[in-house]
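Student: Below is the file run_26.txt, with compact mmCIF, C-alpha atoms.
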```txt
# COMPACT_ATOMS: atom_id res chain seq x y z
CA MET A 47 -8.60 11.82 47.69
CA ARG A 48 -5.86 12.98 50.03
CA SER A 49 -3.74 10.48 51.88
CA GLN A 50 -3.39 11.09 55.61
CA SER A 51 0.22 9.89 55.58
CA SER A 52 1.45 12.10 52.70
CA PRO A 53 3.10 15.33 53.90
CA GLN A 54 1.57 18.65 52.94
CA PRO A 55 3.76 20.90 50.83
CA PRO A 56 5.23 23.68 52.97
CA SER A 57 4.35 26.31 50.38
CA GLN A 58 0.64 25.48 50.16
CA PRO A 59 -1.65 28.48 50.73
CA ALA A 60 -3.39 28.63 54.05
CA GLY A 61 -6.81 28.91 52.48
CA ALA A 62 -6.47 25.88 50.25
CA VAL A 63 -8.81 22.99 50.89
CA GLY A 64 -6.35 20.35 49.87
CA SER A 65 -3.18 19.78 47.96
CA PRO A 66 -3.99 19.76 44.22
CA SER A 67 -3.10 16.35 42.95
CA LEU A 68 -3.20 14.67 39.57
CA PRO A 69 -3.13 10.94 38.85
CA PHE A 70 0.59 10.87 38.06
CA PRO A 71 3.17 9.02 40.19
CA GLY A 72 5.72 10.92 42.15
CA GLY A 73 7.29 11.17 45.58
CA HIS A 74 8.23 14.72 46.50
CA PRO A 75 5.74 17.37 45.30
CA ARG A 76 8.36 19.17 43.19
CA THR A 77 9.46 15.90 41.61
CA SER A 78 5.87 14.99 40.87
CA ASP A 79 5.27 18.38 39.24
CA ALA A 80 8.43 18.06 37.15
CA VAL A 81 7.35 14.62 35.93
CA LEU A 82 3.91 16.01 35.09
CA ALA A 83 5.42 18.94 33.17
CA ALA A 84 7.68 16.62 31.18
CA ALA A 85 4.80 14.26 30.34
CA LEU A 86 2.57 17.11 29.18
CA PHE A 87 5.39 18.60 27.10
CA ALA A 88 5.76 15.25 25.38
CA CYS A 89 2.06 15.49 24.50
CA SER A 90 2.22 19.17 23.47
CA PHE A 91 5.12 18.72 21.09
CA PRO A 92 3.22 16.59 18.56
CA GLY A 93 0.13 18.69 19.17
CA SER A 94 1.88 21.74 17.76
CA VAL A 95 2.26 20.14 14.31
CA ILE A 96 -1.23 18.63 13.92
CA THR A 97 -3.26 19.92 10.96
CA PHE A 98 -6.42 18.92 9.11
CA PRO A 99 -6.07 16.16 6.51
CA GLY A 100 -4.90 17.53 3.22
CA GLN A 101 -3.60 20.80 4.66
CA ASP A 102 -0.07 21.90 5.38
CA LEU A 103 1.07 23.59 8.57
CA GLY A 104 0.86 27.28 7.77
CA VAL A 105 3.30 28.37 10.53
CA PRO A 106 6.71 27.13 11.62
CA TRP A 107 6.67 24.31 14.12
CA TRP A 108 9.26 25.72 16.53
CA PRO A 109 7.17 28.61 17.98
CA GLY A 110 4.52 26.12 19.04
CA VAL A 111 7.18 23.96 20.70
CA MET A 112 8.59 26.96 22.58
CA LEU A 113 5.13 28.03 23.77
CA ALA A 114 4.40 24.45 24.89
CA GLY A 115 7.70 24.32 26.80
CA ALA A 116 6.98 27.60 28.59
CA SER A 117 3.46 26.49 29.42
CA CYS A 118 4.62 23.16 30.83
CA ALA A 119 7.43 24.80 32.81
CA ALA A 120 4.87 26.98 34.56
CA LEU A 121 3.17 23.86 35.96
CA ILE A 122 6.05 23.39 38.40
CA ARG A 123 4.57 26.23 40.51
CA ARG A 124 0.95 25.07 40.20
CA ARG A 125 0.70 24.18 43.90
CA ASP A 126 1.73 27.50 45.46
CA ARG A 127 0.83 29.78 42.52
CA PRO A 128 -2.30 28.30 40.93
CA ARG A 129 -3.63 31.60 39.58
CA GLY A 130 -0.29 32.62 38.11
CA THR A 131 0.08 29.20 36.50
CA VAL A 132 -3.32 29.55 34.81
CA VAL A 133 -2.41 33.02 33.55
CA VAL A 134 0.88 31.81 32.03
CA THR A 135 -0.57 28.68 30.42
CA LEU A 136 -3.57 30.65 29.11
CA ALA A 137 -1.28 33.29 27.62
CA CYS A 138 0.73 30.57 25.86
CA ALA A 139 -2.47 28.96 24.53
CA VAL A 140 -3.81 32.31 23.27
CA ALA A 141 -0.48 33.04 21.59
CA ALA A 142 -0.53 29.65 19.90
CA SER A 143 -4.09 30.28 18.70
CA ALA A 144 -3.13 33.73 17.39
CA LEU A 145 -0.26 32.20 15.41
CA GLY A 146 -2.72 29.86 13.68
CA TYR A 147 -2.10 26.56 15.47
CA LEU A 148 -4.96 24.08 15.73
CA LEU A 149 -6.13 24.05 19.36
CA THR A 150 -6.27 20.34 20.12
CA VAL A 151 -6.44 18.68 23.50
CA LEU A 152 -2.68 17.96 23.25
CA LEU A 153 -1.87 21.63 22.83
CA LEU A 154 -4.29 22.67 25.62
CA ALA A 155 -3.13 19.96 28.09
CA PRO A 156 -0.96 22.35 30.24
CA LEU A 157 -3.83 24.84 30.53
CA MET A 158 -6.22 22.01 31.47
CA ALA A 159 -3.84 20.80 34.21
CA ALA A 160 -3.50 24.36 35.54
CA LEU A 161 -7.28 24.83 35.63
CA TYR A 162 -7.67 21.53 37.48
CA SER A 163 -5.14 22.60 40.11
CA LEU A 164 -6.85 25.98 40.46
CA ALA A 165 -10.29 24.36 40.95
CA VAL A 166 -8.89 22.00 43.60
CA SER A 167 -7.16 24.70 45.64
CA THR A 168 -9.66 27.59 45.37
CA ASP A 169 -13.38 28.17 45.44
CA ARG A 170 -15.86 27.47 42.66
CA ARG A 171 -16.37 31.11 41.72
CA THR A 172 -12.65 31.71 41.15
CA ALA A 173 -12.23 28.54 39.10
CA ASN A 174 -15.27 29.30 36.93
CA THR A 175 -14.13 32.90 36.38
CA PHE A 176 -10.74 31.80 35.07
CA ALA A 177 -12.28 29.02 32.97
CA PHE A 178 -14.85 31.24 31.25
CA ALA A 179 -12.29 34.01 30.75
CA GLY A 180 -9.99 31.51 29.07
CA ILE A 181 -12.81 30.25 26.85
CA ALA A 182 -13.69 33.80 25.81
CA LEU A 183 -10.07 34.64 24.97
CA LEU A 184 -9.43 31.44 23.03
CA VAL A 185 -12.67 31.71 21.07
CA GLY A 186 -12.21 35.42 20.40
CA VAL A 187 -8.65 34.94 19.13
CA GLY A 188 -9.25 31.63 17.38
CA LEU A 189 -12.19 32.77 15.23
CA PRO A 190 -10.15 35.16 13.07
CA SER A 191 -6.71 33.54 13.47
CA GLY A 192 -7.43 29.81 13.42
CA PRO A 193 -6.79 27.48 10.49
CA ALA A 194 -8.90 28.31 7.44
CA GLY A 195 -10.45 24.88 7.13
CA GLU A 196 -11.45 24.53 10.80
CA PRO A 197 -15.25 24.25 11.26
CA LEU A 198 -16.95 27.05 13.16
CA VAL A 199 -18.55 24.60 15.59
CA LEU A 200 -15.14 23.20 16.47
CA LYS A 201 -13.77 26.69 17.06
CA LEU A 202 -16.62 27.49 19.44
CA LEU A 203 -17.20 24.21 21.26
CA GLY A 204 -13.68 22.81 21.33
CA PRO A 205 -12.09 25.28 23.81
CA ALA A 206 -15.25 25.36 25.95
CA ALA A 207 -15.36 21.58 26.32
CA TRP A 208 -11.63 21.14 27.00
CA LEU A 209 -11.49 23.94 29.62
CA LEU A 210 -14.75 23.20 31.44
CA LEU A 211 -13.89 19.52 31.88
CA PRO A 212 -10.83 19.97 34.17
CA THR A 213 -12.57 22.80 36.02
CA ALA A 214 -15.52 20.55 36.82
CA LEU A 215 -13.27 17.63 37.81
CA GLY A 216 -11.20 19.86 40.10
CA THR A 217 -14.31 21.28 41.76
CA VAL A 218 -15.67 17.78 42.36
CA THR A 219 -12.33 16.68 43.83
CA ARG A 220 -12.24 19.70 46.14
CA LEU A 221 -15.83 19.19 47.31
CA ARG A 222 -15.20 15.49 47.94
CA ALA A 223 -12.07 16.28 49.97
CA ALA A 224 -14.01 18.89 51.95
CA TYR A 225 -16.81 16.40 52.54
CA LEU A 226 -14.40 13.75 53.78
CA ASP A 227 -12.74 16.31 56.08
CA ALA A 228 -16.14 17.32 57.44
CA VAL A 229 -17.10 13.69 58.01
CA GLN A 230 -13.84 13.04 59.82
CA ALA A 231 -14.27 16.19 61.93
CA ARG A 232 -17.82 15.18 62.86
CA ALA A 233 -16.62 11.70 63.76
CA GLU A 234 -13.86 13.11 65.97
CA HIS A 235 -16.31 15.55 67.56
CA ALA A 236 -18.80 12.74 68.18
CA GLU A 237 -16.05 10.62 69.73
CA ARG A 238 -14.99 13.46 72.02
CA THR A 239 -18.61 14.18 72.93
CA ARG A 240 -19.25 10.50 73.62
CA GLU A 241 -16.20 10.29 75.87
CA GLU A 242 -17.23 13.46 77.73
CA GLU A 243 -20.77 12.15 78.12
CA THR A 244 -19.42 8.84 79.42
CA ARG A 245 -17.23 10.61 81.97
CA ARG A 246 -20.14 12.82 83.02
CA ARG A 247 -22.42 9.81 83.51
CA VAL A 248 -19.74 7.98 85.46
CA THR A 249 -19.33 11.01 87.72
CA GLU A 250 -23.09 11.34 88.23
CA GLU A 251 -23.42 7.63 88.96
CA ARG A 252 -20.56 7.80 91.44
CA MET A 253 -22.21 10.73 93.22
CA ARG A 254 -25.55 8.90 93.27
CA ILE A 255 -23.95 5.80 94.79
CA ALA A 256 -22.17 7.97 97.37
CA ARG A 257 -25.48 9.64 98.34
CA ASP A 258 -27.31 6.32 98.62
CA LEU A 259 -24.64 4.71 100.75
CA HIS A 260 -24.37 7.82 102.92
CA ASP A 261 -28.13 7.95 103.50
CA VAL A 262 -28.42 4.25 104.28
CA VAL A 263 -25.30 3.76 106.38
CA ALA A 264 -25.15 7.08 108.24
CA HIS A 265 -28.79 7.00 109.31
CA HIS A 266 -28.71 3.51 110.79
CA LEU A 267 -25.27 3.88 112.32
CA VAL A 268 -26.31 7.05 114.13
CA LEU A 269 -29.45 5.36 115.45
CA ALA A 270 -27.47 2.30 116.43
CA GLY A 271 -24.94 4.45 118.29
CA LEU A 272 -27.64 6.33 120.17
CA GLN A 273 -29.51 3.15 121.06
CA ALA A 274 -26.31 1.47 122.24
CA GLY A 275 -25.60 4.46 124.49
CA ALA A 276 -29.13 4.27 125.90
CA VAL A 277 -28.69 0.55 126.60
CA ALA A 278 -25.49 1.28 128.51
CA ARG A 279 -27.22 3.94 130.61
CA HIS A 280 -30.31 1.89 131.48
CA LEU A 281 -28.69 -1.50 131.94
CA PRO A 282 -27.74 -1.18 135.67
CA ALA A 283 -30.98 0.38 136.96
CA ARG A 284 -33.62 -0.57 134.37
CA PRO A 285 -32.82 -3.94 132.81
CA GLU A 286 -36.29 -4.22 131.24
CA GLU A 287 -35.86 -0.90 129.40
CA ALA A 288 -32.35 -1.97 128.40
CA ALA A 289 -33.75 -5.20 126.99
CA ARG A 290 -36.30 -3.25 124.93
CA LEU A 291 -33.64 -0.89 123.62
CA THR A 292 -31.48 -3.87 122.77
CA ALA A 293 -34.31 -5.29 120.70
CA ASP A 294 -34.66 -1.91 118.96
CA LEU A 295 -30.91 -1.89 118.32
CA THR A 296 -31.18 -5.33 116.77
CA GLY A 297 -33.99 -4.12 114.54
CA THR A 298 -31.98 -1.05 113.54
CA THR A 299 -28.96 -3.09 112.52
CA ALA A 300 -31.16 -5.58 110.66
CA SER A 301 -32.86 -2.72 108.80
CA ALA A 302 -29.47 -1.25 107.95
CA LEU A 303 -28.34 -4.57 106.50
CA ARG A 304 -31.56 -4.92 104.49
CA GLU A 305 -31.30 -1.44 102.97
CA LEU A 306 -27.59 -1.84 102.30
CA LYS A 307 -28.22 -5.20 100.64
CA SER A 308 -31.03 -3.71 98.58
CA THR A 309 -28.84 -0.78 97.46
CA VAL A 310 -25.91 -3.01 96.52
CA GLY A 311 -28.28 -5.42 94.82
CA LEU A 312 -29.73 -2.65 92.66
CA LEU A 313 -26.22 -1.59 91.68
CA ARG A 314 -25.31 -5.16 90.77
CA ARG A 315 -28.50 -5.59 88.76
CA ALA A 316 -27.87 -2.31 86.90
CA GLY A 317 -24.48 -3.63 85.77
CA THR A 318 -25.65 -7.15 84.86
CA SER A 319 -26.36 -8.06 81.26
CA ASP A 320 -28.79 -10.64 80.01
CA ALA A 321 -25.92 -13.05 79.47
CA ASP A 322 -25.17 -12.94 83.20
CA GLU A 323 -28.66 -14.14 84.17
CA PRO A 324 -28.69 -17.65 85.63
CA ARG A 325 -29.75 -20.37 83.23
CA ASN A 326 -31.54 -22.38 85.89
CA PRO A 327 -34.78 -20.66 87.00
CA GLY A 328 -34.23 -22.02 90.50
CA GLU A 329 -31.02 -20.01 90.74
CA ARG A 330 -32.77 -16.67 90.27
CA THR A 331 -32.67 -14.44 93.31
CA ARG A 332 -35.78 -13.04 94.86
CA PRO A 333 -37.00 -9.64 93.58
CA MET A 334 -35.45 -6.56 95.10
CA GLU A 335 -37.43 -4.81 97.79
CA SER A 336 -39.29 -1.76 96.62
CA THR A 337 -37.54 1.56 97.16
CA PRO A 338 -38.81 3.60 100.13
CA GLY A 339 -41.22 6.46 99.57
CA LEU A 340 -43.77 8.66 101.29
CA ALA A 341 -45.76 5.64 102.50
CA GLN A 342 -42.78 4.58 104.65
CA LEU A 343 -42.50 7.92 106.47
CA PRO A 344 -44.52 6.69 109.52
CA GLN A 345 -42.13 3.75 109.97
CA LEU A 346 -39.19 6.13 109.55
CA ALA A 347 -40.59 8.46 112.23
CA ALA A 348 -41.18 5.55 114.62
CA SER A 349 -37.59 4.32 114.20
CA PHE A 350 -36.29 7.42 116.00
CA GLU A 351 -38.21 6.72 119.20
CA GLY A 352 -35.43 4.48 120.46
CA ALA A 353 -33.03 7.42 120.05
CA GLY A 354 -35.19 9.63 122.29
CA LEU A 355 -36.69 11.69 119.45
CA GLU A 356 -40.45 12.01 119.13
CA VAL A 357 -41.41 12.63 115.50
CA THR A 358 -44.87 13.70 114.33
CA LEU A 359 -46.20 13.59 110.78
CA HIS A 360 -48.76 16.05 109.34
CA THR A 361 -50.23 16.17 105.83
CA GLU A 362 -51.95 19.22 104.31
CA GLY A 363 -53.83 19.35 101.05
CA GLU A 364 -55.01 16.59 98.78
CA PRO A 365 -52.19 14.16 97.95
CA GLY A 366 -51.36 14.36 94.26
CA PRO A 367 -49.48 12.03 91.92
CA VAL A 368 -45.79 11.88 92.79
CA THR A 369 -43.17 10.15 90.69
CA ALA A 370 -41.15 7.33 92.20
CA GLY A 371 -37.99 9.42 91.93
CA ALA A 372 -39.59 12.34 93.78
CA GLU A 373 -40.91 10.00 96.49
CA LEU A 374 -37.47 8.50 97.02
CA THR A 375 -35.94 11.99 97.07
CA ALA A 376 -38.42 13.19 99.68
CA TYR A 377 -37.88 10.08 101.83
CA ARG A 378 -34.08 10.36 101.75
CA ILE A 379 -34.13 14.07 102.54
CA VAL A 380 -36.46 13.51 105.52
CA GLN A 381 -34.27 10.62 106.65
CA GLU A 382 -31.13 12.74 106.47
CA ALA A 383 -32.81 15.70 108.18
CA LEU A 384 -33.99 13.57 111.14
CA THR A 385 -30.57 11.96 111.37
CA ASN A 386 -28.99 15.41 111.60
CA VAL A 387 -31.46 16.31 114.34
CA THR A 388 -30.36 13.33 116.45
CA LYS A 389 -26.68 13.99 115.72
CA HIS A 390 -26.40 17.74 116.11
CA ALA A 391 -29.53 19.32 117.59
CA GLY A 392 -30.14 17.24 120.70
CA ALA A 393 -33.83 17.95 120.19
CA ARG A 394 -36.60 15.96 121.86
CA THR A 395 -39.31 16.53 119.26
CA ALA A 396 -39.35 16.96 115.48
CA ALA A 397 -42.15 17.41 112.97
CA ILE A 398 -42.59 16.32 109.39
CA ARG A 399 -45.07 18.36 107.38
CA LEU A 400 -46.22 17.42 103.85
CA VAL A 401 -48.01 20.17 101.92
CA TYR A 402 -49.62 19.28 98.57
CA THR A 403 -50.51 22.06 96.11
CA ASP A 404 -51.50 21.95 92.45
CA ASP A 405 -47.99 21.75 91.08
CA ARG A 406 -45.62 20.92 93.91
CA LEU A 407 -45.00 18.99 97.10
CA THR A 408 -43.42 20.79 100.03
CA VAL A 409 -41.73 18.69 102.71
CA ALA A 410 -40.65 20.48 105.89
CA VAL A 411 -38.71 18.94 108.77
CA THR A 412 -38.40 21.06 111.92
CA ASP A 413 -37.11 20.46 115.46
CA ASP A 414 -37.60 22.14 118.87
CA GLY A 415 -34.20 23.80 118.82
CA CYS A 416 -32.00 22.35 121.57
CA ALA A 417 -28.45 23.20 120.53
CA ARG A 418 -26.69 20.47 122.51
CA PRO A 419 -25.33 17.69 120.24
CA LYS A 420 -26.12 14.16 121.32
CA VAL A 421 -23.21 12.55 119.43
CA PRO A 422 -19.66 13.79 118.82
CA ALA A 423 -19.19 16.14 115.89
CA SER A 424 -16.69 13.74 114.34
CA VAL A 425 -19.47 11.25 113.57
CA GLY A 426 -20.58 11.68 109.96
CA GLY A 427 -18.72 13.09 107.00
CA GLY A 428 -20.43 16.49 106.71
CA TYR A 429 -22.10 15.72 103.37
CA GLY A 430 -25.71 15.63 104.58
CA LEU A 431 -26.81 19.09 103.41
CA ILE A 432 -24.84 18.74 100.19
CA GLY A 433 -26.54 15.43 99.47
CA MET A 434 -29.98 16.96 100.14
CA ARG A 435 -29.40 19.73 97.61
CA GLU A 436 -28.04 17.31 95.01
CA ARG A 437 -31.04 15.00 95.41
CA ALA A 438 -33.50 17.87 95.16
CA ARG A 439 -31.84 19.23 91.99
CA SER A 440 -31.86 15.79 90.39
CA ALA A 441 -35.65 15.68 90.89
CA GLY A 442 -36.19 19.22 89.61
CA GLY A 443 -36.72 20.77 93.05
CA ARG A 444 -34.82 22.75 95.64
CA VAL A 445 -33.94 22.71 99.36
CA ARG A 446 -33.88 25.55 101.88
CA THR A 447 -32.21 25.12 105.26
CA GLY A 448 -31.72 27.46 108.21
CA HIS A 449 -32.55 28.34 111.78
CA ARG A 450 -36.14 29.14 112.74
CA PRO A 451 -37.00 32.52 114.27
CA GLY A 452 -38.48 30.87 117.37
CA GLY A 453 -35.56 28.47 117.79
CA GLY A 454 -34.66 25.22 116.18
CA PHE A 455 -33.73 24.28 112.65
CA GLU A 456 -35.76 23.55 109.56
CA VAL A 457 -35.24 21.81 106.23
CA VAL A 458 -37.78 22.72 103.53
CA THR A 459 -37.88 20.80 100.26
CA GLU A 460 -39.98 21.72 97.23
CA LEU A 461 -40.51 19.04 94.56
CA PRO A 462 -42.57 19.32 91.34
CA LEU A 463 -45.75 17.28 90.89
CA ARG A 464 -47.46 15.97 87.78
CA THR A 465 -50.55 18.16 87.40
CA ARG A 466 -54.02 16.70 87.14
CA LYS A 467 -54.46 18.30 83.69
CA THR A 468 -51.59 16.28 82.39
CA ASN A 469 -53.07 13.09 83.79
CA GLU A 470 -56.52 13.83 82.41
CA SER A 471 -55.21 14.64 78.93
CA HIS A 472 -53.29 11.38 78.84
CA PRO A 473 -55.62 8.74 80.24
CA ALA A 474 -54.22 5.29 80.88
```
Show the structure stored in the file as structure tokens.

Tutor:
Amino acid sequence: MRSQSSPQPPSQPAGAVGSPSLPFPGGHPRTSDAVLAAALFACSFPGSVITFPGQDLGVPWWPGVMLAGASCAALIRRRDRPRGTVVVTLACAVAASALGYLLTVLLLAPLMAALYSLAVSTDRRTANTFAFAGIALLVGVGLPSGPAGEPLVLKLLGPAAWLLLPTALGTVTRLRAAYLDAVQARAEHAERTREEETRRRVTEERMRIARDLHDVVAHHLVLAGLQAGAVARHLPARPEEAARLTADLTGTTASALRELKSTVGLLRRAGTSDADEPRNPGERTRPMESTPGLAQLPQLAASFEGAGLEVTLHTEGEPGPVTAGAELTAYRIVQEALTNVTKHAGARTAAIRLVYTDDRLTVAVTDDGCARPKVPASVGGGYGLIGMRERARSAGGRVRTGHRPGGGFEVVTELPLRTRKTNESHPA
């Protein structure tokens, strides 16, 4: 397993999965490789003089020691030249086998270390190719040149077992390192995705809060401003009418406070955990008022009478099932459209038309087209049409706005409906 704090060797190939490592202590990679080479040479030296019991060494001992030294010296470059290291150590092992040395694990230790490093730093196919090529060479040379008393099974199975073992261990180490890297990469990707999703949700929630506050506050403030102006105009000559408009103004401000309180209360409830609930049942607040929908459109139309705007409501088609989100979207869009009529159009009449079809609800708000604004253009922030489009998109619909050919302005909203087939196939 690779340590995150250990530095990578500067000479490591770019395609290597990880730094080939062996369970030997060491600090710097070159120092570690030198220690490994010295330790394996200490094992190879006695391995070059091992014979079967009762037999004498048929070759001088010093060629085996020289081949072991050359093989161990090649391990110093095992990190940046793994293939070359295997070739050198294999050539030394084949030469030792051709001279008649007994191929023990001590004599094959440098070749085993080189194969392990190759399997760690390359792919499985490359490691297996070198391993099986080494087995074929050692067996082919050892059969005619090995010690006379060596069993045939040992000549065949010995090199295969000792060379396949480090190859398999190196492959497992490489796959485990790759798996850990993949797990870490997935964890980092999931963390980045989670942070991006959190930021996106925060942005969407902020925009939703801005739309709700704009719809609630702007609508009632515009009505309150218009009603206050009407009170000022009628107060000297028509005190009774002024008193009625004052009562309407009081109702408008009270309605504004109720809706604002309901909106803020929903936001507070959405951010309250179960641990924040009061322990005493008597301390629980009353339930939040239901969100407005299509059923409240008549009251919404009547609220504009005090501002001098006569609003009519027409329904076409058979009303179909509408989700609570679509109802709220339709209500807020109608509310914003009528508010814009009182602010910018100076119209005397407006019409709300609801058209139900099999798969959608169409809501149209039109006015009679007087182009004289009734309130200054500075009132309002200019986000009404933007908020309409955002609300419609959030409900899966769309909004079209523009001037009518015969004069006036229209806002047309199309929202999807749940079809009757869906309701029939999923009975309650």

Student: What is the distance, in Å and to one decimal place, between atom CA of Phe91 of chain A and atom CA of Val111 of chain A?

Tutor: 5.6 Å

Student: Using Å and a single decimal, report how far atom CA of Arg435 of chain A sits from atom CA of Pro365 of chain A.

Tutor: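 About the pair atom CA of Pro365 of chain A and atom CA of Arg435 of chain A: they are 23.5 Å apart.
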
Student: Which value, in Å to one decimal, gives the distance between atom CA of Asp227 of chain A and atom CA of Val166 of chain A?

Tutor: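 Computing it gives 14.2 Å between the two atoms.
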
Student: I need the residue nearest Arg257 of chain A from this list: A:Thr299, A:Thr375, A:Thr361, A:Asn174. Use only C-alpha atoms for the distance.

Tutor: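 Of all the options, A:Thr375 lies closest to Arg257 of chain A.
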
Student: Measuring between all atoms listed in the file, which one of A:Leu374, A:Leu86, A:Ala347, A:Leu221 shows the shortest distance to Ala160 of chain A?

Tutor: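 Smallest separation from Ala160 of chain A among the options: A:Leu86.
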
Student: So which residues touch Leu113 of chain A within 9 Å, counting all atoms listed in the file, skipping near sequence neighbours fewer than 3 positions away, as an MDAnalysis selection string?

Tutor: chainID A and resid 108:110 116:118 135 138:139 141:142

Student: Which of these residues is nearest to Ala376 of chain A, using only C-alpha atoms: A:Pro212, A:Pro462, A:Pro205, A:Gly186?

Tutor: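 Smallest distance to Ala376 of chain A is found for A:Pro462.
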
Student: Can you pull out every residue within 12 Å of Thr131 of chain A, counting all atoms listed in the file, but drop anything in the same chain fewer than 3 positions away, and send it as a list in words?

Tutor: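 Near Thr131 of chain A, the qualifying residues are Ala116, Ser117, Cys118, Ala119, Ala120, Leu121, Ile122, Arg123, Arg124, Arg125, Asp126, Arg127, Pro128, Val134, Thr135, Leu136, Ala137, Cys138, Pro156, Leu157, Met158, Ala159, Ala160, Leu161, Tyr162, Ser163, Leu164 and Phe176 of chain A.
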
Student: Looking at only C-alpha atoms, which of A:Gly454, A:Gly93, A:Gly216, A:Gly366 is the one that sits closest to Leu152 of chain A?

Tutor: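 Looking at the shortest contact to Leu152 of chain A, the residue is A:Gly93.
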
Student: Nearest to Glu373 of chain A among A:Ala441, A:Leu189, A:Ala144, A:Leu203, with distances taken over all atoms listed in the file: which residue is it?

Tutor: A:Ala441

Student: Which residues are near Thr358 of chain A? Cut-off 12 Å, all atoms listed in the file, ignore same chain within fewer than 5 positions. Put them as an mmCIF file with C-alpha atoms, in the coordinates of the input.

Tutor:
```cif
data_model
loop_
_atom_site.group_PDB
_atom_site.id
_atom_site.type_symbol
_atom_site.label_atom_id
_atom_site.label_comp_id
_atom_site.auth_asym_id
_atom_site.auth_seq_id
_atom_site.Cartn_x
_atom_site.Cartn_y
_atom_site.Cartn_z
ATOM 1 C CA LEU A 343 -42.500 7.920 106.470
ATOM 2 C CA PRO A 344 -44.520 6.690 109.520
ATOM 3 C CA GLN A 345 -42.130 3.750 109.970
ATOM 4 C CA LEU A 346 -39.190 6.130 109.550
ATOM 5 C CA ALA A 347 -40.590 8.460 112.230
ATOM 6 C CA ALA A 348 -41.180 5.550 114.620
ATOM 7 C CA SER A 349 -37.590 4.320 114.200
ATOM 8 C CA PHE A 350 -36.290 7.420 116.000
ATOM 9 C CA GLU A 351 -38.210 6.720 119.200
ATOM 10 C CA LEU A 384 -33.990 13.570 111.140
ATOM 11 C CA ARG A 394 -36.600 15.960 121.860
ATOM 12 C CA THR A 395 -39.310 16.530 119.260
ATOM 13 C CA ALA A 396 -39.350 16.960 115.480
ATOM 14 C CA ALA A 397 -42.150 17.410 112.970
ATOM 15 C CA ILE A 398 -42.590 16.320 109.390
ATOM 16 C CA ARG A 399 -45.070 18.360 107.380
ATOM 17 C CA LEU A 400 -46.220 17.420 103.850
ATOM 18 C CA ALA A 410 -40.650 20.480 105.890
ATOM 19 C CA VAL A 411 -38.710 18.940 108.770
ATOM 20 C CA THR A 412 -38.400 21.060 111.920
ATOM 21 C CA ASP A 413 -37.110 20.460 115.460
#
```

Student: Here is a test: counting all atoms listed in the file, which residue of A:Val380, A:Leu210, A:Val151, A:Leu461 is nearest to Gln342 of chain A?

Tutor: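 Of the candidates, the smallest distance to Gln342 of chain A is held by A:Val380.
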